>>> print(open('work-v9.cif').read())   # mmCIF, C-alpha atoms
data_model
loop_
_atom_site.label_atom_id
_atom_site.label_comp_id
_atom_site.auth_asym_id
_atom_site.auth_seq_id
_atom_site.Cartn_x
_atom_site.Cartn_y
_atom_site.Cartn_z
CA LEU A 173 54.92 55.24 -226.38
CA VAL A 174 54.83 56.13 -222.69
CA PRO A 175 56.84 53.41 -220.94
CA SER A 176 54.95 53.82 -217.67
CA PHE A 177 51.89 52.53 -219.53
CA LYS A 178 53.62 49.31 -220.59
CA ARG A 179 52.02 47.43 -217.75
CA GLU A 180 49.02 45.36 -216.91
CA PHE A 181 46.12 47.41 -215.64
CA ARG A 182 43.50 46.17 -213.20
CA ILE A 183 39.75 46.69 -213.52
CA VAL A 184 37.97 47.86 -210.36
CA SER A 185 34.47 46.65 -209.51
CA VAL A 186 32.54 48.10 -206.58
CA VAL A 187 30.89 45.42 -204.46
CA GLY A 188 27.52 46.41 -203.01
CA SER A 189 26.53 49.99 -202.24
CA ALA A 190 28.40 52.93 -200.76
CA SER A 191 28.53 53.33 -197.00
CA ARG A 192 28.72 56.88 -195.71
CA ALA A 193 31.60 57.41 -193.29
CA SER A 194 30.74 58.98 -189.94
CA GLU A 195 32.19 62.22 -188.62
CA ALA A 196 34.81 60.17 -186.76
CA GLY A 197 35.93 58.63 -190.04
CA CYS A 198 34.41 55.23 -189.35
CA ALA A 199 31.31 53.56 -190.66
CA GLU A 200 29.34 50.49 -189.83
CA PRO A 201 31.19 47.33 -190.84
CA MET A 202 30.56 46.37 -194.45
CA GLU A 203 29.45 42.82 -195.16
CA SER A 204 31.90 42.27 -198.04
CA ALA A 205 35.39 40.89 -197.55
CA ALA A 206 36.55 43.15 -200.41
CA ASP A 207 39.07 45.94 -199.96
CA ILE A 208 37.75 49.33 -198.82
CA VAL A 209 38.65 52.78 -200.14
CA LYS A 210 37.34 56.17 -199.00
CA TYR A 211 35.98 58.45 -201.70
CA THR A 212 35.11 62.10 -201.01
CA SER A 213 32.32 63.49 -203.17
CA PHE A 214 33.21 66.74 -204.90
CA LEU A 215 29.49 67.60 -205.07
CA THR A 216 28.67 67.25 -201.37
CA GLY A 217 32.02 66.90 -199.59
CA ALA A 218 30.71 63.75 -197.89
CA THR A 219 33.06 60.79 -197.57
CA TYR A 220 31.94 57.30 -198.57
CA ARG A 221 33.46 53.91 -198.05
CA LEU A 222 33.46 51.83 -201.21
CA ALA A 223 34.15 48.10 -201.11
CA TYR A 224 35.92 47.00 -204.27
CA GLU A 225 37.59 44.08 -205.96
CA MET A 226 40.11 44.06 -208.79
CA ARG A 227 40.86 41.78 -211.71
CA PRO A 228 43.45 42.02 -214.48
CA ALA A 229 42.38 43.80 -217.66
CA SER A 230 42.00 41.37 -220.53
CA ARG A 231 43.52 43.71 -223.14
CA PRO A 232 46.17 46.46 -223.17
CA LEU A 233 45.40 50.18 -223.02
CA LEU A 234 46.11 51.74 -226.44
CA VAL A 235 46.31 55.33 -227.72
CA LYS A 236 43.17 54.71 -229.79
CA HIS A 237 41.29 53.98 -226.55
CA LEU A 238 42.48 57.27 -225.06
CA MET A 239 41.28 59.19 -228.11
CA ALA A 240 37.92 57.41 -228.33
CA GLU A 241 36.79 57.97 -224.70
CA ALA A 242 37.24 54.25 -224.18
CA SER A 243 40.31 54.10 -221.95
CA GLY A 244 38.81 53.24 -218.58
CA ILE A 245 40.28 56.49 -217.18
CA GLY A 246 36.96 58.03 -216.28
CA TYR A 247 35.73 61.13 -214.47
CA ASP A 248 34.84 60.71 -210.82
CA GLN A 249 31.69 62.78 -211.37
CA TRP A 250 29.84 59.63 -212.44
CA ALA A 251 30.23 58.21 -208.94
CA ASP A 252 28.94 61.48 -207.47
CA ILE A 253 25.83 61.31 -209.62
CA ASP A 254 25.22 57.74 -208.40
CA LEU A 255 25.59 58.90 -204.79
CA TRP A 256 23.32 61.91 -205.32
CA LEU A 257 20.49 60.41 -207.40
CA PRO A 258 18.82 57.36 -205.87
CA ASN A 259 18.22 55.41 -209.11
CA ALA A 260 21.33 56.36 -211.06
CA ARG A 261 23.75 53.62 -212.07
CA LEU A 262 26.63 55.29 -213.86
CA GLY A 263 29.32 53.62 -211.80
CA LEU A 264 30.63 53.88 -208.25
CA GLU A 265 33.79 52.37 -209.77
CA TYR A 266 34.72 55.86 -210.93
CA GLY A 267 34.89 57.04 -207.31
CA ALA A 268 36.84 54.00 -206.13
CA VAL A 269 39.35 54.38 -208.96
CA GLN A 270 39.77 58.11 -208.24
CA ALA A 271 40.41 57.39 -204.55
CA LEU A 272 43.01 54.75 -205.47
CA ARG A 273 44.71 57.26 -207.80
CA HIS A 274 44.86 59.79 -204.95
CA GLN A 275 46.74 57.19 -202.91
CA ALA A 276 49.21 56.62 -205.77
CA GLY A 277 50.57 60.14 -206.09
CA LYS A 278 50.16 63.70 -207.13
CA GLY A 279 48.33 62.98 -210.35
CA ALA A 280 44.75 62.98 -209.11
CA TYR A 281 42.88 65.30 -211.44
CA THR A 282 39.19 65.47 -210.66
CA SER A 283 36.11 66.08 -212.76
CA ASN A 284 35.57 69.53 -211.32
CA CYS A 285 39.14 70.84 -211.40
CA ILE A 286 41.31 69.93 -214.37
CA ILE A 287 42.50 73.47 -214.97
CA GLY A 288 44.59 74.84 -212.10
CA GLN A 289 45.95 71.51 -210.89
CA ASP A 290 49.44 71.60 -209.43
CA ALA A 291 50.31 68.30 -211.14
CA SER A 292 52.04 68.29 -214.50
CA LEU A 293 50.92 65.89 -217.22
CA GLU A 294 53.99 63.81 -216.43
CA GLU A 295 53.07 63.59 -212.73
CA TYR A 296 49.46 62.82 -213.59
CA THR A 297 50.23 60.02 -216.03
CA ASP A 298 52.85 58.57 -213.68
CA ALA A 299 50.23 58.44 -210.89
CA LEU A 300 47.75 56.78 -213.26
CA ALA A 301 50.34 54.17 -214.15
CA VAL A 302 51.40 53.60 -210.53
CA ALA A 303 47.78 53.14 -209.44
CA GLY A 304 47.23 50.90 -212.46
CA VAL A 305 43.43 50.88 -212.08
CA LEU A 306 40.68 51.44 -214.64
CA VAL A 307 36.89 51.62 -214.36
CA CYS A 308 36.37 49.18 -217.26
CA GLU A 309 38.16 47.25 -219.96
CA PRO A 310 40.13 49.36 -222.44
CA GLY A 311 37.95 49.71 -225.52
CA THR A 312 34.74 50.15 -223.49
CA PHE A 313 33.11 53.59 -223.45
CA SER A 314 34.23 55.45 -220.32
CA TYR A 315 34.04 59.20 -220.84
CA GLY A 316 36.79 60.86 -218.87
CA LEU A 317 40.41 61.87 -218.73
CA GLY A 318 41.98 59.95 -221.62
CA ALA A 319 42.71 63.18 -223.50
CA LEU A 320 45.08 64.27 -220.73
CA VAL A 321 47.09 61.11 -221.26
CA VAL A 322 47.13 61.77 -225.02
CA GLY A 323 48.63 65.16 -224.11
CA ARG A 324 51.46 63.36 -222.33
CA VAL A 325 51.99 61.06 -225.31
CA VAL A 326 52.40 64.16 -227.48
CA GLU A 327 54.89 65.66 -224.98
CA VAL A 328 56.97 62.47 -224.99
CA LEU A 329 56.97 62.25 -228.80
CA TYR A 330 57.95 65.92 -229.09
CA GLU A 331 60.81 65.49 -226.59
CA ARG A 332 62.08 62.42 -228.43
CA LEU A 333 61.92 64.12 -231.83
CA ARG A 334 63.93 67.05 -230.47
CA GLY A 335 66.45 64.75 -228.79
CA GLU A 336 65.34 65.89 -225.33
CA ALA A 337 63.99 62.57 -224.12
CA ARG A 338 63.92 62.11 -220.38
CA PRO A 339 63.14 58.99 -218.38
CA VAL A 340 59.38 58.53 -218.37
CA GLY A 341 57.23 56.86 -215.74
CA GLY A 342 59.71 56.53 -212.94
CA GLY A 343 62.75 55.79 -215.07
CA GLY A 344 61.09 53.47 -217.64
#
>>> encode(input="work-v9.cif", output="structure tokens")
Amino acid sequence: LVPSFKREFRIVSVVGSASRASEAGCAEPMESAADIVKYTSFLTGATYRLAYEMRPASRPLLVKHLMAEASGIGYDQWADIDLWLPNARLGLEYGAVQALRHQAGKGAYTSNCIIGQDASLEEYTDALAVAGVLVCEPGTFSYGLGALVVGRVVEVLYERLRGEARPVGGGG
């Protein structure tokens, strides 16, 4: 339905533990040869370096996944809980994915501030599609922001039904 989502998504896996960045923006070298992304905790404001790897998703993202909290588009708060509680294991992947979405564009909604964002649903979903990263396989429970994408699907359907269709997802 939303052409920008007719793409292959990649699944992000965090390798090892988080490394807190120093005041100068650097941290001790990480042992992994994986890519590094900086994630800023909304709970503490601290910045962490997360080493991550990506692999292609084995199945497509479907509307039913968005509606069932099984889209892989999760809240970054789960990473913050992992960083805050020593024995938590909800998923640092959520933080890495959020940081990668921030790099991809304006559509970086966060767990703590969905209302009041300056990004439209169109901008948000376009940034999700450009980043192309998920915290898990579509169809796996991943409580988060799938309902916002369903909102965009509804907008696109409504525009098409009224004959007001515009290019979606960067001209797709």
>>> residues_around(input="work-v9.cif", residues="range 226-243 of chain A", least_positions_apart="5", cutoff="12 Å", atoms="all atoms listed in the file", output="ChimeraX atom specification")
/A:173-174,176-187,206-208,265,268-269,272,300-301,303-326
>>> atom_distance(input="work-v9.cif", atom1="CA of Gly246 in chain A", atom2="CA of Ala271 in chain A")
12.2 Å
>>> closest_residue(input="work-v9.cif", among="A:Val209, A:Leu333, A:Val328, A:Leu293", to="Tyr266 in chain A", atoms="only C-alpha atoms")
A:Val209
>>> closest_residue(input="work-v9.cif", among="A:Ala276, A:Gly335, A:Ser213, A:Leu329", to="Thr297 in chain A", atoms="all atoms listed in the file")
A:Ala276
>>> residues_around(input="work-v9.cif", residues="Tyr220 in chain A", least_positions_apart="5", cutoff="8 Å", atoms="all atoms listed in the file", output="PDB file with C-alpha atoms, in the coordinates of the input")
ATOM      1  CA  ALA A 190      28.400  52.930-200.760  1.00  0.00           C
ATOM      2  CA  SER A 191      28.530  53.330-197.000  1.00  0.00           C
ATOM      3  CA  ARG A 192      28.720  56.880-195.710  1.00  0.00           C
ATOM      4  CA  ALA A 193      31.600  57.410-193.290  1.00  0.00           C
ATOM      5  CA  LYS A 210      37.340  56.170-199.000  1.00  0.00           C
ATOM      6  CA  TYR A 211      35.980  58.450-201.700  1.00  0.00           C
ATOM      7  CA  THR A 212      35.110  62.100-201.010  1.00  0.00           C
ATOM      8  CA  SER A 213      32.320  63.490-203.170  1.00  0.00           C
TER       9      SER A 213
END
>>> atom_distance(input="work-v9.cif", atom1="CA of Glu294 in chain A", atom2="CA of Arg273 in chain A")
14.3 Å
>>> axis_aligned_box(input="work-v9.cif", around="range 237-248 of chain A", padding_each_side="8 Å", output="JSON")
{"center_x": 38.7, "center_y": 57.2, "center_z": -219.6, "size_x": 23.6, "size_y": 23.9, "size_z": 33.5}
>>> atom_distance(input="work-v9.cif", atom1="CA of Asp298 in chain A", atom2="CA of Leu222 in chain A")
24.0 Å
>>> closest_residue(input="work-v9.cif", among="A:Ala251, A:Gly263, A:Glu327, A:Leu257", to="Ser292 in chain A", atoms="only C-alpha atoms")
A:Glu327
>>> closest_residue(input="work-v9.cif", among="A:Gln270, A:Asp290, A:Phe214, A:Arg334", to="Ile253 in chain A", atoms="only C-alpha atoms")
A:Phe214
>>> closest_residue(input="work-v9.cif", among="A:Arg221, A:His274, A:Glu295, A:Leu215", to="Trp256 in chain A", atoms="only C-alpha atoms")
A:Leu215
